[in-house]
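final.txt, holding compact mmCIF, C-alpha atoms and all ligand atoms:
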# COMPACT_ATOMS: atom_id res chain seq x y z
CA MET A 1 90.16 39.94 1.73
CA GLY A 2 87.90 39.14 -1.11
CA ASP A 3 84.29 40.07 -0.26
CA SER A 4 82.22 41.64 -3.03
CA PHE A 5 83.19 45.12 -1.88
CA SER A 6 86.94 44.63 -2.02
CA MET A 7 86.91 44.66 -5.81
CA LYS A 8 85.27 48.08 -5.92
CA ILE A 9 87.54 49.96 -3.52
CA GLU A 10 89.66 51.43 -6.29
CA THR A 11 86.63 52.75 -8.19
CA TYR A 12 85.19 54.01 -4.92
CA LEU A 13 88.34 56.01 -4.12
CA ASP A 14 88.29 57.45 -7.64
CA GLY A 15 84.74 58.62 -6.91
CA GLU A 16 83.38 56.67 -9.85
CA LEU A 17 80.79 54.41 -8.25
CA SER A 18 77.12 55.33 -8.52
CA ALA A 19 75.74 57.40 -5.63
CA GLN A 20 74.00 54.34 -4.26
CA GLU A 21 77.13 52.19 -4.44
CA MET A 22 79.20 54.95 -2.85
CA GLN A 23 76.85 54.98 0.13
CA ALA A 24 76.85 51.21 0.42
CA MET A 25 80.65 51.23 0.39
CA ASP A 26 80.81 53.94 3.08
CA ALA A 27 78.65 51.77 5.29
CA HIS A 28 80.62 48.64 4.55
CA LEU A 29 83.99 50.23 5.28
CA ARG A 30 82.84 51.14 8.79
CA GLY A 31 82.29 47.47 9.56
CA CYS A 32 84.87 45.57 7.50
CA ALA A 33 88.42 45.73 8.84
CA SER A 34 89.96 44.09 5.80
CA CYS A 35 88.35 46.44 3.28
CA SER A 36 89.03 49.54 5.33
CA ALA A 37 92.71 48.65 5.67
CA ASP A 38 92.85 48.03 1.95
CA ALA A 39 91.08 51.33 1.22
CA MET A 40 93.47 53.17 3.51
CA ALA A 41 96.52 51.75 1.75
CA GLN A 42 95.10 52.54 -1.68
CA LEU A 43 94.25 56.06 -0.62
CA HIS A 44 97.82 56.58 0.58
CA MET A 45 99.07 55.35 -2.75
CA LYS A 46 96.76 57.68 -4.65
CA ARG A 47 97.98 60.64 -2.60
CA ALA A 48 101.58 59.62 -3.04
CA VAL A 49 101.11 59.41 -6.80
CA LYS A 50 99.54 62.86 -6.80
CA LEU A 51 102.43 64.24 -4.78
CA THR A 52 105.14 62.50 -6.75
CA GLY A 53 103.42 63.07 -10.08
CA THR A 54 103.16 66.84 -9.64
CA ARG A 55 106.78 67.38 -10.22
CA TYR A 56 107.83 69.27 -13.32
CA SER A 57 107.32 72.99 -13.86
CA PRO A 58 107.74 74.90 -17.10
CA SER A 59 110.35 77.63 -17.21
CA PRO A 60 109.08 81.22 -17.22
CA GLU A 61 110.75 81.62 -20.62
CA LEU A 62 108.69 78.82 -22.10
CA ARG A 63 105.49 80.27 -20.73
CA ALA A 64 106.32 83.71 -22.10
CA LYS A 65 107.18 82.25 -25.49
CA VAL A 66 103.92 80.34 -25.73
CA GLN A 67 101.94 83.32 -24.48
CA ARG A 68 103.54 85.52 -27.11
CA GLY A 69 102.82 82.94 -29.76
CA ILE A 70 99.13 83.12 -28.97
CA THR A 71 98.67 86.86 -28.71
CA GLN A 72 101.10 88.26 -31.21
CA GLU A 73 100.29 89.41 -34.69
CA LYS A 74 99.92 86.65 -37.22
CA PRO A 75 103.10 86.98 -39.33
CA VAL A 76 105.33 87.03 -36.29
CA PHE A 77 103.40 84.13 -34.88
CA TRP A 78 104.12 82.07 -37.94
CA GLN A 79 107.76 82.97 -38.07
CA ARG A 80 108.28 82.05 -34.48
CA TRP A 81 106.07 79.06 -34.30
CA LEU A 82 106.17 77.11 -37.43
CA SER A 83 108.66 74.35 -37.16
CA VAL A 84 110.78 74.13 -40.25
CA PRO A 85 109.10 71.02 -41.70
CA VAL A 86 105.61 72.47 -41.35
CA PHE A 87 106.76 75.71 -42.90
CA ALA A 88 108.27 73.75 -45.77
CA LEU A 89 104.93 71.99 -46.20
CA LEU A 90 103.18 75.33 -46.43
CA LEU A 91 105.53 76.37 -49.18
CA ILE A 92 104.95 73.09 -50.94
CA GLY A 93 101.21 73.59 -50.62
CA LEU A 94 101.65 77.01 -52.14
CA GLY A 95 103.76 75.55 -54.93
CA LEU A 96 101.11 72.94 -55.68
CA TYR A 97 98.48 75.63 -55.72
CA VAL A 98 100.40 77.66 -58.21
CA SER A 99 101.16 74.69 -60.40
CA GLN A 100 97.57 73.56 -60.28
CA THR A 101 96.18 76.89 -61.31
CA ALA A 102 98.57 76.63 -64.20
CA GLY A 103 96.41 73.66 -65.15
CA SER A 104 99.27 71.25 -65.51
CA ARG A 105 98.52 68.80 -62.74
CA ASN A 106 96.21 65.84 -62.61
CA ARG A 107 93.36 66.81 -60.31
CA ILE A 108 93.18 63.62 -58.24
CA TYR A 109 96.90 63.63 -57.84
CA SER A 110 96.76 67.16 -56.44
CA GLU A 111 93.91 66.37 -54.09
CA LEU A 112 95.73 63.37 -52.65
CA THR A 113 98.87 65.44 -52.23
CA ASP A 114 96.81 68.04 -50.39
CA LEU A 115 95.33 65.38 -48.16
CA HIS A 116 98.81 64.17 -47.31
CA VAL A 117 100.06 67.68 -46.54
CA ALA A 118 96.95 68.50 -44.50
CA THR A 119 97.33 65.29 -42.52
CA LEU A 120 100.91 66.10 -41.59
CA ALA A 121 99.88 69.57 -40.46
CA SER A 122 96.88 68.31 -38.54
CA ALA A 123 96.63 68.06 -34.77
CA ASN A 124 95.16 64.58 -35.08
CA PRO A 125 96.93 63.01 -38.04
CA VAL A 126 95.41 59.57 -37.51
CA ASP A 127 92.12 58.32 -36.11
CA VAL A 128 93.45 54.89 -35.25
CA ILE A 129 96.93 54.89 -33.78
CA SER A 130 98.66 51.56 -33.96
CA THR A 131 101.81 50.02 -35.29
CA ASP A 132 99.94 46.73 -35.61
CA ARG A 133 98.35 46.04 -38.99
CA HIS A 134 96.00 43.56 -37.27
CA THR A 135 94.54 46.49 -35.33
CA VAL A 136 94.50 48.99 -38.16
CA LYS A 137 92.92 46.80 -40.83
CA PRO A 138 89.78 45.79 -38.86
CA TRP A 139 89.35 49.38 -37.68
CA PHE A 140 88.33 50.29 -41.23
CA GLN A 141 85.59 47.66 -41.29
CA GLY A 142 82.21 49.30 -41.76
CA LYS A 143 83.86 52.67 -42.39
CA ILE A 144 84.85 52.03 -46.00
CA PRO A 145 83.12 49.79 -48.59
CA PHE A 146 86.08 47.48 -49.28
CA THR A 147 88.88 45.59 -47.56
CA PHE A 148 92.58 45.40 -48.25
CA ASN A 149 95.68 43.63 -46.96
CA LEU A 150 98.57 45.32 -45.23
CA PRO A 151 102.12 44.04 -45.39
CA GLU A 152 104.15 42.48 -42.60
CA LEU A 153 106.86 45.06 -41.81
CA ASN A 154 109.20 42.92 -39.75
CA GLY A 155 112.67 43.20 -41.16
CA SER A 156 111.92 46.40 -43.02
CA ASP A 157 112.65 49.90 -41.76
CA PHE A 158 109.06 51.07 -42.21
CA THR A 159 106.77 51.62 -39.23
CA LEU A 160 103.00 51.77 -39.43
CA ILE A 161 101.72 54.75 -37.42
CA GLY A 162 98.00 54.41 -37.99
CA GLY A 163 95.20 55.26 -40.34
CA ARG A 164 92.19 57.41 -41.03
CA VAL A 165 89.30 57.52 -43.44
CA ALA A 166 90.05 59.88 -46.32
CA TYR A 167 87.54 61.31 -48.80
CA LEU A 168 88.10 61.91 -52.45
CA GLY A 169 85.01 63.69 -53.67
CA GLN A 170 82.25 61.80 -51.86
CA SER A 171 84.08 58.45 -51.83
CA PRO A 172 85.56 57.14 -48.60
CA GLY A 173 88.90 55.39 -48.78
CA ALA A 174 91.73 54.36 -46.51
CA GLN A 175 94.71 56.54 -45.65
CA LEU A 176 97.55 54.76 -43.88
CA ILE A 177 100.48 56.63 -42.41
CA TYR A 178 103.86 54.98 -42.40
CA GLN A 179 107.14 56.32 -41.16
CA ILE A 180 110.64 55.68 -42.33
CA ARG A 181 113.48 57.44 -40.57
CA LYS A 182 111.95 60.87 -39.94
CA HIS A 183 109.71 60.88 -43.01
CA GLN A 184 106.02 60.21 -43.04
CA ILE A 185 104.41 58.50 -45.97
CA SER A 186 100.73 58.35 -46.81
CA VAL A 187 99.23 55.36 -48.59
CA PHE A 188 95.79 56.03 -50.08
CA ILE A 189 93.51 53.22 -51.18
CA PHE A 190 90.29 53.92 -53.08
CA GLN A 191 87.92 51.86 -55.18
CA ASP A 192 88.57 52.42 -58.88
CA LYS A 193 84.87 52.71 -59.64
CA ASN A 194 84.39 55.54 -57.16
CA LEU A 195 87.23 57.70 -58.32
CA PRO A 196 85.98 60.98 -59.74
CA GLY A 197 88.39 60.51 -62.64
CA LYS A 198 91.23 58.34 -63.78
CA LEU A 199 94.23 58.17 -61.48
CA GLN A 200 97.33 59.04 -63.38
CA LEU A 201 99.51 55.98 -62.96
CA THR A 202 102.95 57.29 -62.40
CA SER A 203 105.89 57.05 -60.20
CA GLY A 204 108.10 60.01 -59.91
CA LYS A 205 109.17 63.04 -58.06
CA GLN A 206 106.95 66.09 -57.87
CA LEU A 207 108.26 69.07 -55.97
CA SER A 208 109.77 67.46 -52.91
CA PHE A 209 107.43 64.47 -52.82
CA SER A 210 108.07 61.07 -54.29
CA THR A 211 105.01 59.20 -55.45
CA GLU A 212 103.98 55.85 -56.77
CA SER A 213 100.54 54.65 -57.88
CA TRP A 214 99.00 51.51 -59.31
CA ASN A 215 95.75 49.56 -59.61
CA SER A 216 95.13 46.10 -58.25
CA ASN A 217 91.90 44.09 -57.91
CA GLY A 218 89.64 47.07 -58.43
CA LEU A 219 91.55 49.26 -55.98
CA SER A 220 93.74 52.25 -56.71
CA TYR A 221 96.81 52.74 -54.58
CA PHE A 222 98.67 55.99 -54.22
CA VAL A 223 101.83 56.35 -52.13
CA ILE A 224 103.36 59.73 -51.36
CA GLY A 225 106.06 61.00 -49.03
CA ASP A 226 108.93 63.44 -48.76
CA THR A 227 111.49 60.70 -48.88
CA SER A 228 113.49 59.06 -51.66
CA GLY A 229 111.80 57.44 -54.64
CA ASP A 230 113.50 54.24 -53.61
CA ASP A 231 111.76 54.22 -50.19
CA ILE A 232 108.41 54.83 -51.86
CA ARG A 233 109.02 52.03 -54.35
CA ARG A 234 110.00 49.59 -51.60
CA LEU A 235 106.86 50.36 -49.61
CA GLY A 236 104.90 49.98 -52.84
CA GLU A 237 106.39 46.53 -53.42
CA LEU A 238 105.49 45.46 -49.86
CA LEU A 239 101.90 46.61 -50.40
CA LYS A 240 101.67 44.91 -53.79
CA SER A 241 102.82 41.57 -52.47
CA ALA A 242 100.48 41.85 -49.45
CA ALA A 243 97.59 42.45 -51.85
CA GLN A 244 98.42 39.18 -53.64
CA SER A 245 98.39 37.08 -50.47
CA MET B 1 89.44 77.42 -53.09
CA GLY B 2 89.71 75.47 -49.84
CA ARG B 3 93.22 74.64 -50.81
CA LEU B 4 95.41 76.13 -48.14
CA VAL B 5 93.43 74.71 -45.26
CA TYR B 6 96.03 75.56 -42.66
CA PHE B 7 95.72 79.25 -43.38
CA SER B 8 91.98 79.12 -42.93
CA GLU B 9 92.48 77.39 -39.61
CA VAL B 10 94.53 80.27 -38.23
CA PRO B 11 92.39 82.31 -35.86
CA LYS B 12 91.48 85.41 -37.75
CA ASP B 13 91.31 87.90 -34.96
CA ARG B 14 92.45 88.88 -31.53
CA GLU B 15 89.15 87.80 -30.06
CA THR B 16 89.74 84.19 -31.04
CA SER B 17 93.30 84.29 -29.73
CA ALA B 18 92.06 85.75 -26.48
CA MET B 19 89.40 83.07 -26.15
CA PHE B 20 91.98 80.38 -26.83
CA ALA B 21 94.41 81.86 -24.31
CA GLU B 22 91.68 82.02 -21.70
CA LEU B 23 90.97 78.31 -22.07
CA ALA B 24 94.49 77.06 -22.71
CA MET B 25 96.83 79.07 -20.50
CA PRO B 26 95.38 77.94 -17.14
CA LEU B 27 96.31 74.39 -18.21
CA PHE B 28 99.90 75.32 -19.00
CA ASP B 29 101.56 73.97 -15.84
CA GLN B 30 99.59 70.73 -15.90
CA LEU B 31 100.19 70.14 -19.59
CA TYR B 32 103.87 70.75 -19.08
CA ASN B 33 104.05 68.32 -16.17
CA PHE B 34 102.24 65.67 -18.23
CA ALA B 35 104.50 66.33 -21.24
CA HIS B 36 107.56 65.86 -19.07
CA TRP B 37 106.27 62.55 -17.73
CA LEU B 38 105.62 61.36 -21.28
CA THR B 39 108.93 62.45 -22.78
CA GLN B 40 111.02 62.11 -19.61
CA ASP B 41 113.21 64.90 -20.92
CA ARG B 42 113.08 68.65 -20.29
CA SER B 43 113.90 69.93 -23.75
CA GLU B 44 111.63 67.40 -25.42
CA ALA B 45 108.87 68.47 -23.03
CA ASP B 46 109.49 72.12 -23.98
CA ASP B 47 109.17 71.28 -27.67
CA LEU B 48 106.13 69.11 -27.12
CA VAL B 49 104.27 71.81 -25.20
CA GLN B 50 105.11 74.47 -27.75
CA GLU B 51 104.00 72.28 -30.61
CA THR B 52 100.81 71.38 -28.76
CA TYR B 53 99.83 75.01 -28.23
CA SER B 54 100.71 75.87 -31.78
CA LYS B 55 98.63 73.00 -33.18
CA ALA B 56 95.77 73.65 -30.80
CA LEU B 57 95.61 77.32 -31.78
CA ARG B 58 95.68 76.45 -35.45
CA GLY B 59 93.00 73.82 -34.98
CA PHE B 60 90.94 75.86 -32.53
CA SER B 61 88.18 76.31 -35.10
CA SER B 62 87.61 72.55 -34.99
CA PHE B 63 87.05 72.65 -31.24
CA GLN B 64 83.33 72.39 -30.45
CA PRO B 65 82.38 75.01 -27.87
CA GLY B 66 80.67 73.41 -24.91
CA THR B 67 82.67 70.18 -25.19
CA ASN B 68 85.60 69.34 -22.98
CA PHE B 69 88.52 71.63 -23.82
CA ARG B 70 90.91 69.93 -21.39
CA ALA B 71 90.37 66.51 -22.97
CA TRP B 72 90.74 68.10 -26.41
CA ILE B 73 94.10 69.76 -25.75
CA TYR B 74 95.48 66.78 -23.83
CA ARG B 75 94.54 64.63 -26.79
CA ILE B 76 96.48 66.93 -29.11
CA LEU B 77 99.49 66.79 -26.82
CA ARG B 78 99.37 63.03 -26.59
CA ASN B 79 98.90 62.48 -30.33
CA THR B 80 101.78 64.82 -31.02
CA PHE B 81 103.90 62.85 -28.60
CA LEU B 82 102.86 59.48 -30.05
CA THR B 83 103.96 60.43 -33.53
CA SER B 84 107.27 61.84 -32.32
CA ARG B 85 110.33 59.66 -32.38
CA THR B 86 110.35 59.12 -28.61
CA GLY B 87 106.64 58.35 -28.69
CA LEU B 88 106.98 55.79 -31.44
CA LYS B 89 109.79 54.12 -29.56
CA ALA B 90 107.69 54.03 -26.39
CA THR B 91 104.75 52.40 -28.14
CA SER B 92 106.80 49.92 -30.12
CA VAL B 93 108.22 48.26 -27.00
CA GLN B 94 104.76 48.19 -25.46
CA VAL B 95 103.85 44.61 -26.30
CA GLU B 96 106.91 42.98 -24.80
CA LEU B 97 106.60 44.98 -21.61
CA ASP B 98 102.95 44.08 -21.28
CA GLU B 99 103.64 40.42 -21.60
CA ALA B 100 106.51 40.51 -19.16
CA ALA B 101 104.45 42.39 -16.60
CA GLU B 102 101.52 40.01 -17.04
CA SER B 103 103.61 37.08 -15.86
CA ILE B 104 104.46 38.64 -12.51
CA ALA B 105 102.42 36.95 -9.81
CA GLU B 106 100.08 39.04 -7.73
CA ALA B 107 101.29 39.00 -4.17
CA GLU B 108 100.78 42.28 -2.41
CA THR B 109 99.35 42.73 1.01
CA PRO B 110 97.95 46.23 1.04
CA GLU B 111 98.72 46.89 4.68
CA SER B 112 102.44 46.74 4.05
CA ILE B 113 102.59 49.47 1.48
CA PHE B 114 101.97 52.68 3.34
CA ILE B 115 104.06 55.31 1.71
CA ASP B 116 105.86 58.19 3.31
CA GLN B 117 107.71 61.09 1.82
CA SER B 118 111.04 59.31 1.82
CA GLN B 119 109.66 56.66 -0.49
CA GLN B 120 108.68 59.21 -3.10
CA GLN B 121 111.84 58.59 -4.99
CA LEU B 122 111.03 54.91 -5.28
CA LEU B 123 107.59 55.79 -6.49
CA GLN B 124 108.96 58.21 -9.04
CA LYS B 125 111.17 55.51 -10.52
CA ALA B 126 108.24 53.12 -10.53
CA ILE B 127 106.02 55.58 -12.42
CA GLU B 128 108.81 56.26 -14.90
CA ALA B 129 109.20 52.53 -15.45
CA LEU B 130 105.53 51.97 -16.24
CA PRO B 131 104.83 51.26 -19.91
CA LEU B 132 103.44 54.38 -21.57
CA HIS B 133 99.80 53.27 -21.70
CA TYR B 134 99.77 52.58 -17.97
CA ARG B 135 101.80 55.63 -17.01
CA GLU B 136 99.52 58.06 -18.82
CA VAL B 137 96.31 56.62 -17.41
CA VAL B 138 97.48 56.74 -13.78
CA LEU B 139 98.80 60.29 -14.21
CA LEU B 140 95.57 61.51 -15.76
CA CYS B 141 93.56 59.92 -12.95
CA ASP B 142 95.61 60.63 -9.85
CA VAL B 143 97.58 63.74 -10.82
CA GLU B 144 95.19 65.51 -13.20
CA GLU B 145 92.21 64.10 -11.31
CA MET B 146 90.28 63.54 -14.50
CA PRO B 147 87.07 61.51 -14.30
CA TYR B 148 87.17 58.15 -16.12
CA LYS B 149 84.96 59.53 -18.86
CA GLU B 150 87.37 62.36 -19.61
CA ILE B 151 90.36 60.02 -19.58
CA ALA B 152 88.52 57.77 -22.03
CA GLU B 153 87.93 60.78 -24.27
CA THR B 154 91.51 61.97 -24.01
CA LEU B 155 93.00 58.59 -24.83
CA SER B 156 90.25 57.53 -27.27
CA ILE B 157 89.64 54.26 -25.43
CA PRO B 158 86.53 52.80 -23.75
CA ILE B 159 85.94 53.44 -20.04
CA GLY B 160 86.37 49.71 -19.36
CA THR B 161 89.88 49.93 -20.78
CA VAL B 162 90.60 52.98 -18.61
CA MET B 163 89.61 50.96 -15.55
CA SER B 164 91.59 47.86 -16.42
CA ARG B 165 94.70 49.87 -17.28
CA LEU B 166 94.39 51.83 -14.04
CA ALA B 167 94.11 48.62 -12.03
CA ARG B 168 97.15 47.21 -13.77
CA ALA B 169 99.17 50.42 -13.39
CA ARG B 170 98.44 50.63 -9.69
CA ARG B 171 99.18 46.98 -9.16
CA ASP B 172 102.54 47.47 -10.88
CA LEU B 173 103.30 50.50 -8.70
CA ARG B 174 102.42 48.61 -5.53
CA GLN B 175 104.56 45.69 -6.57
CA ALA B 176 107.49 47.87 -7.52
CA LEU B 177 107.42 49.58 -4.12
CA GLN B 178 106.95 46.38 -2.26
CA VAL B 179 109.78 44.55 -3.97
CA LYS B 180 112.10 47.44 -3.18
CA LEU B 181 110.96 47.62 0.44
CA VAL B 182 111.40 43.92 1.01
CA ARG B 183 114.89 43.98 -0.44
CA ARG B 184 116.06 46.65 1.95
ZN ZN C 301 84.95 44.11 3.11
Write-out of the structure in structure tokens:
Amino acid sequence: MGDSFSMKIETYLDGELSAQEMQAMDAHLRGCASCSADAMAQLHMKRAVKLTGTRYSPSPELRAKVQRGITQEKPVFWQRWLSVPVFALLLIGLGLYVSQTAGSRNRIYSELTDLHVATLASANPVDVISTDRHTVKPWFQGKIPFTFNLPELNGSDFTLIGGRVAYLGQSPGAQLIYQIRKHQISVFIFQDKNLPGKLQLTSGKQLSFSTESWNSNGLSYFVIGDTSGDDIRRLGELLKSAAQS
Amino acid sequence: MGRLVYFSEVPKDRETSAMFAELAMPLFDQLYNFAHWLTQDRSEADDLVQETYSKALRGFSSFQPGTNFRAWIYRILRNTFLTSRTGLKATSVQVELDEAAESIAEAETPESIFIDQSQQQLLQKAIEALPLHYREVVLLCDVEEMPYKEIAETLSIPIGTVMSRLARARRDLRQALQVKLVRR
């Protein structure tokens, strides 16, 4: 055990060494009893994992359902496929659209709400997936022109899911996704000076979303989610005290 | 307008649906198998696969032709799983499991771990017991037979991380089998 080849057996069996290294390993295995025994055992394991891992088959009903979902006419597709929450979001989006054309809604507010709705409906809601604020915060470095602090969530019922860079007009900002019970909450952070207008500082309930927004140290915060106003306020408080520390 | 983005993401015509089906349906069995290993539950796997196909079809316009479709749709499946309740639970216990596993001494002798059919059940339990990040990487490599590069793309991690997780996953599997065999 333990010559320079023994470390590369795994990569060799995965077929991931360079052509030259693959050849060198072939030659070595013919002469080295220890490595060839090791390679044999690892190969058996790989095959066993393949055999054991190929285990679960979809039911014919599921396949037919999915197939139908793809090929059927659009309206039927939507009826069958949209899970209730996503469908609700569509209706909300429609509601926002109507209310916005009525000219009654603050533009930034509507755009952030749209971003939140679009994120929830997206296949890749976050670009950095982590429940650890120490992973999420540095991920934004170099992607947005400012930094911010995230709260410690121990002892609260909020979970950090991850984050992504969000754009308001041309300005990049941070979007953090939190979860409480089954509800997802977006926290948007932008630089005040880059906002295309003034953020309406409100907390309240609009349609089925609760929101909260404030400014702190040149940054604008906007929290939105389809959960109670109390949840949104509590997350807001956590963020505010983290910003002070 | 650009307001109701999700509507604009719906494939407009039969041609697009057909193209999507042509790429996505041959992967159905594999995706289902992978979904079941992630969720470890049949009805959750059913839901996960349905949601994945629905999201993938809706987002199909964002798929770049000529890039790797398999990595793309696996990534959608995995992200959907990670933000589900089961997925969040699986990732939140990750750290403790990692630390616990790290403290186990390395002690295998490869010659003693030849595996026959009858030991498949042991192996199945061992795979199920792997922390999510190790389970997925070993399944993508040995069951799906994805190259490292594609695994890296699917999981959004560097190739070096793919290799170190694979090594750890396999070491854990070997140890799990060995411990069981010795105890017999
Ligand atoms: Zn050797």
So that each row is one residue of chain A with an atom at most 9 Å from ligand ZN 301 (chain C), can you give its shortest atom pair and the distance in Å to one decimal, using all atoms listed in the file, rows by chain and rising number, as CSV?
residue,atom,partner,partner_atom,distance
A:Met1,CA,C:ZN301,ZN,6.8
A:Gly2,CA,C:ZN301,ZN,7.2
A:Asp3,CA,C:ZN301,ZN,5.3
A:Ser4,CA,C:ZN301,ZN,7.2
A:Phe5,CA,C:ZN301,ZN,5.4
A:Ser6,CA,C:ZN301,ZN,5.5
A:Met25,CA,C:ZN301,ZN,8.8
A:His28,CA,C:ZN301,ZN,6.4
A:Leu29,CA,C:ZN301,ZN,6.6
A:Gly31,CA,C:ZN301,ZN,7.7
A:Cys32,CA,C:ZN301,ZN,4.6
A:Ala33,CA,C:ZN301,ZN,6.9
A:Ser34,CA,C:ZN301,ZN,5.7
A:Cys35,CA,C:ZN301,ZN,4.1
A:Ser36,CA,C:ZN301,ZN,7.1
A:Asp38,CA,C:ZN301,ZN,8.9
Mind checking which residues fall within 12 Å of region 146-149 of chain B, counting only C-alpha atoms, ignoring those fewer than 5 positions away in the same chain, and posting them as a short mmCIF file (atom, residue, chain, number, x, y, z; two decimals) with C-alpha atoms, in the coordinates of the input?
data_model
loop_
_atom_site.label_atom_id
_atom_site.label_comp_id
_atom_site.auth_asym_id
_atom_site.auth_seq_id
_atom_site.Cartn_x
_atom_site.Cartn_y
_atom_site.Cartn_z
CA THR A 11 86.63 52.75 -8.19
CA LEU A 13 88.34 56.01 -4.12
CA ASP A 14 88.29 57.45 -7.64
CA GLY A 15 84.74 58.62 -6.91
CA GLU A 16 83.38 56.67 -9.85
CA LEU A 17 80.79 54.41 -8.25
CA GLN B 30 99.59 70.73 -15.90
CA ASN B 68 85.60 69.34 -22.98
CA ARG B 70 90.91 69.93 -21.39
CA ALA B 71 90.37 66.51 -22.97
CA TYR B 74 95.48 66.78 -23.83
CA GLU B 136 99.52 58.06 -18.82
CA VAL B 137 96.31 56.62 -17.41
CA VAL B 138 97.48 56.74 -13.78
CA LEU B 139 98.80 60.29 -14.21
CA LEU B 140 95.57 61.51 -15.76
CA CYS B 141 93.56 59.92 -12.95
CA THR B 154 91.51 61.97 -24.01
CA LEU B 155 93.00 58.59 -24.83
CA SER B 156 90.25 57.53 -27.27
CA ILE B 157 89.64 54.26 -25.43
CA PRO B 158 86.53 52.80 -23.75
CA ILE B 159 85.94 53.44 -20.04
CA GLY B 160 86.37 49.71 -19.36
CA THR B 161 89.88 49.93 -20.78
CA VAL B 162 90.60 52.98 -18.61
CA MET B 163 89.61 50.96 -15.55
CA SER B 164 91.59 47.86 -16.42
CA ARG B 165 94.70 49.87 -17.28
CA LEU B 166 94.39 51.83 -14.04
#
(request) Excluding region 187-197 of chain A and any residue of its chain fewer than 2 positions from it, enumerate the residues within 7 Å of it, using only C-alpha atoms, and give them as a PyMOL selection string. (result) chain A and resi 169+171+173-177+185+199+218-224
(message) Between CA of Met25 (chain B) and CA of Arg55 (chain A), what is the distance in Å, rounded to a tenth?
(response) 18.5 Å
(message) From the options A:Ser156, A:Thr147, A:Ser57, A:Gln42, which residue's atoms come nearest to Leu235 (chain A), counting all atoms listed in the file?
(response) A:Ser156
